[in-house]
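Student: My questions will all concern the structure given below.
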Amino acid sequence: MSALTATTLPQNHALQQATALLRIAADEPRPQSSATSVDPSSLPDFALQQRAAALFTAAENDLHRHTDQLFARLMIVQWLAGIVAALWISPLTWIGDSSQIHVHVWAAVLLGGAISGFPVWLAWHHPGKAVTRHVIAVAQVLTSALLIHLTGGRIETHFHIFGSLAFLAFYRDWRVLATATVVVAADHLFRGLYWPQSVFGVLTASSWRWVEHAGWVLFEDAILIVAIRRMLQEMSEIALRRATLEGSNVEIERQVVERTAELTRTQAELLETSRLAGMAEVATSVLHNVGNVLNSVGVSAELATSKVREFRTGSLKNVAELLQQNSADLPAFLTTDPRGKMLPDYLLKLAVHLAEPQVAILQEMEMLQKNIDHIKEIVAMQQRYARGTGVVEALSVADLVEDSIRINTASFTRHEVNVACEIAPLPPLKTDRHKVMQILVNLLSNAKHALDHSEGDRLMTVRATLNQVGQLEIAVIDNGTGIAPENIDRIFSHGFTTKKMGHGFGLHSGALAAKELGGTLKAHSDGPGLGATFTLTLPLEN
Amino acid sequence: MAQYSQTAGATGNPPAQWPETSRVQRDPGQSQLILFLHPRCPCSRATLGELEQLVAHCRGLFSAQVWFIQPEGMDEDWSKTDLWHAAAAIPGVQVNVDYQGEEALRFQAVTSGQTLLYDASGGLVFQGGITLARSHSGDNPGRDAIELLLKQKTTLSASAPVFGCALG
């Protein structure tokens, strides 16, 4: 019966509270009576109710266990207090000048121990069980009786009963108060009938006087039961709120997990995009420089063509036809004919004339060959760096820097950028060749762009040194357009660019790549028009 | 414990008339209450509580003396316990030491808490205890009887059981 009530009570509270919450949420008009039946259609989901009921039961059980333990300690204290009271008030009983230990002392020790011992044992070994708190209630009332007796029936000690009832209300279980009240009433009833002087202090008492005493106890019970009802209601409201909160937390956690997964996916995609963008930038640089070289190839081919066109092949044909016409007597033609006499000088002049474009063509052909070799070199370099992704190898810093410059050489030449390279003696760098190359090519390309609209000498310096903590620092310094202070912090953000045709990938992916290599990429500028320095810091061993 | 509480002590056989040989000061023309106590009897604290109520209820109707026995070989410190001070604190109550229990013997008092009430003419009208049990305060027939006698609502002599330690 009690178990049934215990499980249904919180659910009813939870249902009523949930209904109230839902009504508020739906802005429904509230019913006139708060005790109206619950509309099933307005109930929250069953799981919430169940969780609220479980939380209520857990809180109630926790309360019972703690109160049991509190009473266990209280009973021990009361037992000791009873002994102290007996020793203080009536330590000895006397016959003249001889004495012996007063029976109250023995009662305090033995009877008090018997009353307190069992409930203390129950509270320690079976906390939270219904039987424990009911035994405690009985023992507490018996302790009151013992203390009243030990203090000689003092009216003040009777307050212990009312204090005990208030303590028993800590259980928030009206049945415990009922048990205590039944014991008090039964004690007064039976002792009133058979031994009235022991309980009412008179030899004859009305057979209904026990009702008066029990009535005062019931008076306190009534107040305490009202308080218990309110406390139980608050507990069930708290349980429902906690269950609702837990539900919200679960939903929030689920969303956090979902968003985190989305973020991880997006970050991976971004990394891939950045990597591709980095590779594209290298490829763009390669194509750009190959294009520049191809311009030279075109110029050389055009020059060679025009020189070839300058060849006087018509004059040579005329000489050949003249010799063919006089082939019957060539010696007479060459010695007697005025045209034949001029022919050797003419051929000599023609040979000199033909030799001149030949030299120029040969020179252009040599230039052409060099430019083709340069294109081969650029393509081979690009292939070498593209192939090396993810592979850690020992690299020469000087080679890395020079290769990255070489890829951009044609562009630098075309835009009249003077590149200075300052590389200190450095140990080999063990890292991913491709990533470093990607960063350096991007930095050099950015520096070239920064110098495009620069007046005066366009200077770029690439400086490689070891810093104070033994890390490699490669600084790309230009005297170009510089960076505005408000852009310094944003310059590595994804999508941020100051170039008209830029995408905002280069520096972002460069910074990410540097981080992947265990290093950093930082920017510094004294302001617009004052140039910029980008410093790539890398550990010598990644 | 119940048996201990409810077991009355011996009441002796107090003289029906005030003994002339007594050192207890006679107060002619007034009812006189004499209470014999064992200075260390824990049960007698309740008796003093009841005496206090009697004094309050019947102010001016009687004079009261409390006699604390002091057995042979004991000094006054043995007698002057907290009970002594509690008795002395009751207004109008005279507190005395009964050396070697001479007066207790004279009045035939043998149990702590034994109370004797002599009327104005020196006749014994009440003898016994003024508690219902050992150590227990509260309404009791002994105190009720004394109140009725003092207020002259009865002239019948009365007695009640005495609950306390033996005086000697």
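Starting from 1 in every chain, residues are counted up; chains themselves are A, B, ... following the order of the structure tokens, and ligands are numbered from 1 as listed.
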What residues in chain A lie within 10 Å of chain B, counting only C-alpha atoms, written as a ChimeraX atom specification?

Tutor: /A:86,88-99,102-104,106-107,111,148-155,197-198,200-203

Student: Only C-alpha atoms, please: the residues just picked out, written as a PDB file, in the first residue's frame.

Tutor:
```
ATOM      1  CA  ALA A  86      20.783  10.523  35.553  1.00  0.00           C
ATOM      2  CA  TRP A  88      23.674  14.617  37.510  1.00  0.00           C
ATOM      3  CA  ILE A  89      20.168  14.470  38.964  1.00  0.00           C
ATOM      4  CA  SER A  90      20.078  11.149  40.742  1.00  0.00           C
ATOM      5  CA  PRO A  91      23.484   9.469  40.839  1.00  0.00           C
ATOM      6  CA  LEU A  92      22.959   7.645  44.134  1.00  0.00           C
ATOM      7  CA  THR A  93      20.176   6.443  46.335  1.00  0.00           C
ATOM      8  CA  TRP A  94      20.769   6.812  50.072  1.00  0.00           C
ATOM      9  CA  ILE A  95      20.096   5.097  53.340  1.00  0.00           C
ATOM     10  CA  GLY A  96      21.491   7.426  55.962  1.00  0.00           C
ATOM     11  CA  ASP A  97      25.154   7.827  55.175  1.00  0.00           C
ATOM     12  CA  SER A  98      25.438   4.812  52.912  1.00  0.00           C
ATOM     13  CA  SER A  99      24.580   4.916  49.241  1.00  0.00           C
ATOM     14  CA  HIS A 102      20.530   5.047  41.677  1.00  0.00           C
ATOM     15  CA  VAL A 103      18.221   2.907  39.595  1.00  0.00           C
ATOM     16  CA  HIS A 104      17.857   5.848  37.189  1.00  0.00           C
ATOM     17  CA  TRP A 106      21.009   1.882  35.377  1.00  0.00           C
ATOM     18  CA  ALA A 107      17.823   2.739  33.542  1.00  0.00           C
ATOM     19  CA  LEU A 111      16.956   0.885  29.087  1.00  0.00           C
ATOM     20  CA  ILE A 148      10.710  12.586  31.297  1.00  0.00           C
ATOM     21  CA  HIS A 149      11.040   9.883  33.903  1.00  0.00           C
ATOM     22  CA  LEU A 150      14.737  10.537  34.488  1.00  0.00           C
ATOM     23  CA  THR A 151      14.049  14.219  35.090  1.00  0.00           C
ATOM     24  CA  GLY A 152      11.332  13.457  37.605  1.00  0.00           C
ATOM     25  CA  GLY A 153       8.397  14.153  35.315  1.00  0.00           C
ATOM     26  CA  ARG A 154       9.407  17.753  34.743  1.00  0.00           C
ATOM     27  CA  ILE A 155       6.874  19.454  32.518  1.00  0.00           C
ATOM     28  CA  GLN A 197      -0.100   8.344  38.415  1.00  0.00           C
ATOM     29  CA  SER A 198       2.816   7.331  36.195  1.00  0.00           C
ATOM     30  CA  PHE A 200      -0.824  11.976  34.571  1.00  0.00           C
ATOM     31  CA  GLY A 201       0.630  12.366  38.070  1.00  0.00           C
ATOM     32  CA  VAL A 202      -2.683  11.528  39.774  1.00  0.00           C
ATOM     33  CA  LEU A 203      -4.041   8.351  41.208  1.00  0.00           C
TER      34      LEU A 203
END
```

Student: Excluding same-chain residues fewer than 5 positions from stretch 89-91 of chain B, what lies within 10 Å of it counting only C-alpha atoms, as a PyMOL selection string?

Tutor: chain B and resi 48-49+51-53+55-56+59+64+83-84

Student: Please report the interatomic distance between atom CA of B:Gln94 and atom CA of B:Gln65 in Å with one decimal.

Tutor: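 These atoms are spaced 4.6 Å apart.
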
Student: Which residue, B:Leu150, B:Ile130, B:Val66, B:Val95, has the smallest gap to B:Leu35 when you use only C-alpha atoms?

Tutor: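 Among B:Leu150, B:Ile130, B:Val66, B:Val95, it is B:Val66 that comes nearest to B:Leu35.
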
Student: Any chance you could list, as a list of chain:residue names, the residues in stretch 323-461 of chain A that come up strand (DSSP E or B) when DSSP is run on the backbone?

Tutor: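 Result set for stretch 323-461 of chain A (strand (DSSP E or B)): A:Val392, A:Glu393, A:Ala394, A:Leu395, A:Val417, A:Asn418, A:Val419, A:Ala420, A:Cys421, A:Glu422, A:Ile423, A:Leu429, A:Lys430, A:Thr431, A:Asp432, A:Arg458, A:Leu459, A:Met460, A:Thr461.
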
Student: A:Val419, A:Ile483, A:Ala81, A:Met75: which is nearest A:Val138, counting only C-alpha atoms?

Tutor: A:Met75

Student: Quick one: residues within 7 Å of stretch 157-165 of chain A, only C-alpha atoms, excluding same-chain residues fewer than 4 positions away - as a PDB file with all heavy atoms, in the first residue's frame?

Tutor:
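Generated output (around13.pdb):
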```pdb
ATOM      1  N   GLN A 140      12.046   7.095  19.391  1.00  0.00           N
ATOM      2  CA  GLN A 140      12.165   8.497  19.763  1.00  0.00           C
ATOM      3  C   GLN A 140      11.132   8.857  20.833  1.00  0.00           C
ATOM      4  O   GLN A 140      11.438   9.564  21.798  1.00  0.00           O
ATOM      5  CB  GLN A 140      11.999   9.366  18.509  1.00  0.00           C
ATOM      6  CG  GLN A 140      12.292  10.841  18.717  1.00  0.00           C
ATOM      7  CD  GLN A 140      13.733  11.123  19.124  1.00  0.00           C
ATOM      8  OE1 GLN A 140      14.630  10.291  18.916  1.00  0.00           O
ATOM      9  NE2 GLN A 140      13.971  12.261  19.739  1.00  0.00           N
ATOM     10  N   VAL A 141       9.913   8.355  20.667  1.00  0.00           N
ATOM     11  CA  VAL A 141       8.861   8.631  21.642  1.00  0.00           C
ATOM     12  C   VAL A 141       9.193   7.944  22.974  1.00  0.00           C
ATOM     13  O   VAL A 141       9.002   8.512  24.061  1.00  0.00           O
ATOM     14  CB  VAL A 141       7.496   8.156  21.094  1.00  0.00           C
ATOM     15  CG1 VAL A 141       6.423   8.289  22.169  1.00  0.00           C
ATOM     16  CG2 VAL A 141       7.106   8.982  19.883  1.00  0.00           C
ATOM     17  N   SER A 144      11.624   9.908  24.782  1.00  0.00           N
ATOM     18  CA  SER A 144      10.968  11.036  25.469  1.00  0.00           C
ATOM     19  C   SER A 144      10.452  10.573  26.823  1.00  0.00           C
ATOM     20  O   SER A 144      10.650  11.252  27.853  1.00  0.00           O
ATOM     21  CB  SER A 144       9.792  11.556  24.633  1.00  0.00           C
ATOM     22  OG  SER A 144      10.248  12.106  23.426  1.00  0.00           O
ATOM     23  N   LEU A 147      13.330  10.065  29.227  1.00  0.00           N
ATOM     24  CA  LEU A 147      13.917  11.325  29.685  1.00  0.00           C
ATOM     25  C   LEU A 147      12.982  12.034  30.665  1.00  0.00           C
ATOM     26  O   LEU A 147      13.439  12.626  31.655  1.00  0.00           O
ATOM     27  CB  LEU A 147      14.222  12.232  28.481  1.00  0.00           C
ATOM     28  CG  LEU A 147      15.380  11.762  27.579  1.00  0.00           C
ATOM     29  CD1 LEU A 147      15.517  12.661  26.361  1.00  0.00           C
ATOM     30  CD2 LEU A 147      16.707  11.746  28.348  1.00  0.00           C
ATOM     31  N   ILE A 148      11.685  11.972  30.381  1.00  0.00           N
ATOM     32  CA  ILE A 148      10.710  12.586  31.297  1.00  0.00           C
ATOM     33  C   ILE A 148      10.823  11.914  32.671  1.00  0.00           C
ATOM     34  O   ILE A 148      10.835  12.580  33.706  1.00  0.00           O
ATOM     35  CB  ILE A 148       9.287  12.452  30.736  1.00  0.00           C
ATOM     36  CG1 ILE A 148       9.123  13.375  29.512  1.00  0.00           C
ATOM     37  CG2 ILE A 148       8.246  12.794  31.789  1.00  0.00           C
ATOM     38  CD1 ILE A 148       7.872  13.113  28.704  1.00  0.00           C
ATOM     39  N   ALA A 169       9.371  14.920  11.354  1.00  0.00           N
ATOM     40  CA  ALA A 169       8.809  15.503  10.127  1.00  0.00           C
ATOM     41  C   ALA A 169       9.873  15.668   9.047  1.00  0.00           C
ATOM     42  O   ALA A 169       9.542  15.854   7.876  1.00  0.00           O
ATOM     43  CB  ALA A 169       8.163  16.845  10.440  1.00  0.00           C
ATOM     44  N   LEU A 177       4.913  10.177  11.498  1.00  0.00           N
ATOM     45  CA  LEU A 177       4.262  10.956  12.560  1.00  0.00           C
ATOM     46  C   LEU A 177       3.103  10.152  13.142  1.00  0.00           C
ATOM     47  O   LEU A 177       2.862  10.182  14.361  1.00  0.00           O
ATOM     48  CB  LEU A 177       3.744  12.281  11.994  1.00  0.00           C
ATOM     49  CG  LEU A 177       4.802  13.304  11.582  1.00  0.00           C
ATOM     50  CD1 LEU A 177       4.114  14.545  11.030  1.00  0.00           C
ATOM     51  CD2 LEU A 177       5.683  13.684  12.748  1.00  0.00           C
TER      52      LEU A 177
END
```

Student: List the neighbours of B:Trp67 out to 7 Å using only C-alpha atoms; skip same-chain residues closer than 5 positions along the sequence, and give me the result as a list in words.

Tutor: Leu35, Phe36, Leu37, Val95, Asn96, Val97 and Asp98 of chain B

Student: At a cut-off of 10 Å, using only C-alpha atoms, what residues contact B:Glu147? Leave out same-chain residues fewer than 2 positions from it and give the result as number ranges by chain.

Tutor: B: 53-55, 57-58, 61, 141-145, 149-154

Student: Could you write out that same residue set with all heavy atoms as a CSV table (one decimal), in the first residue's frame?

Tutor:
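Once written, selection_16.csv looks like this:
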```
chain,number,residue,atom,x,y,z
B,53,GLN,N,5.4,24.8,45.9
B,53,GLN,CA,4.0,25.1,45.4
B,53,GLN,C,3.1,25.3,46.6
B,53,GLN,O,2.2,26.2,46.6
B,53,GLN,CB,3.5,23.9,44.6
B,53,GLN,CG,4.2,23.8,43.3
B,53,GLN,CD,3.3,23.2,42.2
B,53,GLN,OE1,2.1,23.3,42.3
B,53,GLN,NE2,3.9,22.7,41.2
B,54,LEU,N,3.3,24.5,47.7
B,54,LEU,CA,2.4,24.7,48.9
B,54,LEU,C,2.6,26.1,49.5
B,54,LEU,O,1.6,26.8,49.8
B,54,LEU,CB,2.9,23.7,50.0
B,54,LEU,CG,2.1,22.4,50.0
B,54,LEU,CD1,2.6,21.5,51.2
B,54,LEU,CD2,0.6,22.7,50.3
B,55,VAL,N,3.9,26.5,49.5
B,55,VAL,CA,4.1,27.9,50.1
B,55,VAL,C,3.4,28.9,49.2
B,55,VAL,O,2.9,29.9,49.7
B,55,VAL,CB,5.7,28.1,50.1
B,55,VAL,CG1,6.0,29.6,50.5
B,55,VAL,CG2,6.3,27.2,51.2
B,57,HIS,N,0.8,28.5,47.3
B,57,HIS,CA,-0.7,28.4,47.3
B,57,HIS,C,-1.3,28.8,48.7
B,57,HIS,O,-2.4,29.2,48.7
B,57,HIS,CB,-1.1,26.9,47.0
B,57,HIS,CG,-0.8,26.5,45.6
B,57,HIS,ND1,-0.9,25.2,45.2
B,57,HIS,CD2,-0.3,27.2,44.6
B,57,HIS,CE1,-0.5,25.1,43.9
B,57,HIS,NE2,-0.1,26.3,43.5
B,58,CYS,N,-0.5,28.6,49.8
B,58,CYS,CA,-1.0,28.8,51.1
B,58,CYS,C,-0.2,29.9,51.9
B,58,CYS,O,0.2,29.6,53.0
B,58,CYS,CB,-1.1,27.5,51.9
B,58,CYS,SG,-2.0,26.2,51.0
B,61,LEU,N,-0.5,31.0,55.7
B,61,LEU,CA,-1.3,30.0,56.5
B,61,LEU,C,-0.5,29.1,57.4
B,61,LEU,O,-1.1,28.4,58.2
B,61,LEU,CB,-2.2,29.2,55.5
B,61,LEU,CG,-3.2,30.0,54.7
B,61,LEU,CD1,-4.0,29.1,53.8
B,61,LEU,CD2,-4.1,30.8,55.6
B,141,PRO,N,-1.8,13.3,46.3
B,141,PRO,CA,-2.7,13.4,47.4
B,141,PRO,C,-2.2,14.1,48.6
B,141,PRO,O,-2.9,14.8,49.4
B,141,PRO,CB,-3.1,12.0,47.6
B,141,PRO,CG,-2.1,11.1,46.9
B,141,PRO,CD,-1.5,12.0,45.8
B,142,GLY,N,-0.9,13.9,48.9
B,142,GLY,CA,-0.3,14.5,50.1
B,142,GLY,C,-0.4,16.0,50.1
B,142,GLY,O,-0.8,16.7,51.0
B,143,ARG,N,0.1,16.6,49.0
B,143,ARG,CA,0.0,18.0,48.9
B,143,ARG,C,-1.4,18.5,48.9
B,143,ARG,O,-1.7,19.6,49.6
B,143,ARG,CB,0.7,18.5,47.6
B,143,ARG,CG,1.1,19.9,47.6
B,143,ARG,CD,1.5,20.4,46.2
B,143,ARG,NE,0.4,20.3,45.3
B,143,ARG,CZ,0.6,20.4,43.9
B,143,ARG,NH1,1.8,20.4,43.4
B,143,ARG,NH2,-0.5,20.4,43.2
B,144,ASP,N,-2.3,17.8,48.2
B,144,ASP,CA,-3.7,18.2,48.2
B,144,ASP,C,-4.3,18.2,49.6
B,144,ASP,O,-5.0,19.2,49.9
B,144,ASP,CB,-4.5,17.3,47.3
B,144,ASP,CG,-4.1,17.4,45.8
B,144,ASP,OD1,-3.5,18.4,45.5
B,144,ASP,OD2,-4.5,16.5,45.0
B,145,ALA,N,-4.0,17.2,50.4
B,145,ALA,CA,-4.5,17.1,51.7
B,145,ALA,C,-4.0,18.3,52.6
B,145,ALA,O,-4.9,18.9,53.3
B,145,ALA,CB,-4.1,15.8,52.3
B,149,LEU,N,-6.3,21.2,54.4
B,149,LEU,CA,-6.2,21.4,55.9
B,149,LEU,C,-5.9,22.8,56.2
B,149,LEU,O,-6.5,23.5,57.1
B,149,LEU,CB,-5.2,20.4,56.5
B,149,LEU,CG,-5.6,19.0,56.6
B,149,LEU,CD1,-4.4,18.1,56.9
B,149,LEU,CD2,-6.7,18.8,57.7
B,150,LEU,N,-4.9,23.4,55.5
B,150,LEU,CA,-4.5,24.7,55.7
B,150,LEU,C,-5.6,25.7,55.4
B,150,LEU,O,-5.8,26.7,56.1
B,150,LEU,CB,-3.2,25.1,54.9
B,150,LEU,CG,-1.9,24.4,55.4
B,150,LEU,CD1,-0.8,24.6,54.5
B,150,LEU,CD2,-1.6,24.8,56.9
B,151,LYS,N,-6.3,25.4,54.4
B,151,LYS,CA,-7.4,26.3,53.9
B,151,LYS,C,-8.7,26.0,54.7
B,151,LYS,O,-9.7,26.5,54.3
B,151,LYS,CB,-7.6,26.2,52.4
B,151,LYS,CG,-6.4,26.8,51.7
B,151,LYS,CD,-6.5,26.6,50.2
B,151,LYS,CE,-5.3,27.2,49.5
B,151,LYS,NZ,-5.3,26.9,48.0
B,152,GLN,N,-8.5,25.1,55.7
B,152,GLN,CA,-9.6,24.8,56.5
B,152,GLN,C,-10.9,24.2,55.8
B,152,GLN,O,-12.0,24.5,56.1
B,152,GLN,CB,-10.0,25.9,57.4
B,152,GLN,CG,-8.8,26.3,58.4
B,152,GLN,CD,-9.2,27.4,59.3
B,152,GLN,OE1,-10.1,28.2,59.1
B,152,GLN,NE2,-8.5,27.5,60.4
B,153,LYS,N,-10.6,23.5,54.7
B,153,LYS,CA,-11.7,22.9,54.0
B,153,LYS,C,-12.0,21.6,54.5
B,153,LYS,O,-13.0,20.9,54.1
B,153,LYS,CB,-11.3,22.9,52.5
B,153,LYS,CG,-11.3,24.3,51.8
B,153,LYS,CD,-10.9,24.2,50.4
B,153,LYS,CE,-10.9,25.6,49.8
B,153,LYS,NZ,-10.4,25.6,48.4
B,154,THR,N,-11.1,21.1,55.4
B,154,THR,CA,-11.4,19.8,56.1
B,154,THR,C,-10.7,19.9,57.4
B,154,THR,O,-9.7,20.6,57.6
B,154,THR,CB,-10.9,18.6,55.3
B,154,THR,OG1,-11.2,17.4,56.0
B,154,THR,CG2,-9.4,18.7,55.0
```

Student: Give me every helix (DSSP H, G or I) residue in stretch 18-153 of chain B, going by DSSP on the backbone, as a PyMOL selection string.

Tutor: chain B and resi 44-57+76-79+82-88+102-106+141-150

Student: Compile the contact shell of stretch 508-514 of chain A as a VMD selection string: residues with an atom at most 10 Å away, counting only C-alpha atoms, same-chain residues fewer than 3 positions apart removed.

Tutor: chain A and resid 270 to 278 432 434 to 443 490 to 497 504 to 505 517 to 522 536 to 538

Student: Store the residues picked out above in a file with C-alpha atoms, as a CSV table (one decimal), in the first residue's frame.

Tutor:
```csv
chain,number,residue,atom,x,y,z
A,270,LEU,CA,38.7,23.6,-45.6
A,271,LEU,CA,42.0,22.0,-45.1
A,272,GLU,CA,41.6,20.1,-48.3
A,273,THR,CA,40.5,23.2,-50.1
A,274,SER,CA,43.4,25.2,-48.7
A,275,ARG,CA,45.8,22.4,-49.7
A,276,LEU,CA,44.4,22.4,-53.2
A,277,ALA,CA,44.5,26.2,-53.2
A,278,GLY,CA,48.1,26.1,-52.1
A,432,ASP,CA,57.6,18.3,-45.5
A,434,HIS,CA,55.9,20.5,-50.4
A,435,LYS,CA,54.3,22.4,-47.5
A,436,VAL,CA,57.3,24.7,-47.0
A,437,MET,CA,57.5,25.3,-50.7
A,438,GLN,CA,53.8,26.1,-50.8
A,439,ILE,CA,54.2,28.7,-48.0
A,440,LEU,CA,57.4,30.3,-49.5
A,441,VAL,CA,55.9,30.5,-53.1
A,442,ASN,CA,52.8,32.1,-51.6
A,443,LEU,CA,54.9,34.6,-49.6
A,490,ARG,CA,42.7,39.5,-40.1
A,491,ILE,CA,45.3,38.8,-42.7
A,492,PHE,CA,45.5,35.1,-41.9
A,493,SER,CA,41.7,34.7,-41.7
A,494,HIS,CA,40.0,32.5,-44.2
A,495,GLY,CA,38.6,34.5,-47.1
A,496,PHE,CA,40.4,37.7,-46.3
A,497,THR,CA,42.3,39.3,-49.2
A,504,GLY,CA,41.8,34.8,-49.2
A,505,PHE,CA,43.2,31.2,-49.2
A,517,LEU,CA,54.7,21.6,-39.4
A,518,GLY,CA,54.9,22.7,-35.8
A,519,GLY,CA,55.7,26.3,-36.6
A,520,THR,CA,54.1,29.7,-37.1
A,521,LEU,CA,53.6,32.3,-39.8
A,522,LYS,CA,53.5,35.9,-38.6
A,536,LEU,CA,57.9,31.7,-41.2
A,537,THR,CA,59.2,30.0,-38.1
A,538,LEU,CA,59.8,26.2,-38.2
```

Student: In Å, how far is it from atom CA of A:Lys349 to atom CA of A:Gln363?

Tutor: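 Between atom CA of A:Lys349 and atom CA of A:Gln363 the gap is 22.2 Å.
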
Student: Show which residues sit within 6 Å of stretch 155-160 of chain B, as a PyMOL selection string. Count only C-alpha atoms, and ignore same-chain residues fewer than 3 positions away.

Tutor: chain B and resi 125-129+142

Student: Residues as selected, C-alpha atoms, written as a PDB file, in the first residue's frame, can you do that?

Tutor:
```
ATOM      1  CA  VAL B 125      -3.112  16.641  61.219  1.00  0.00           C
ATOM      2  CA  PHE B 126      -0.997  15.262  58.404  1.00  0.00           C
ATOM      3  CA  GLN B 127       1.916  12.934  58.060  1.00  0.00           C
ATOM      4  CA  GLY B 128       3.481  11.399  54.950  1.00  0.00           C
ATOM      5  CA  GLY B 129       4.940  12.484  51.616  1.00  0.00           C
ATOM      6  CA  GLY B 142      -0.299  14.487  50.125  1.00  0.00           C
TER       7      GLY B 142
END
```

Student: For atom CA of A:Ala214 and atom CA of A:Gln78, determine how far apart the two atoms are, in Å to one decimal place.

Tutor: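 Atom-to-atom, atom CA of A:Ala214 and atom CA of A:Gln78 are spaced 23.3 Å apart.
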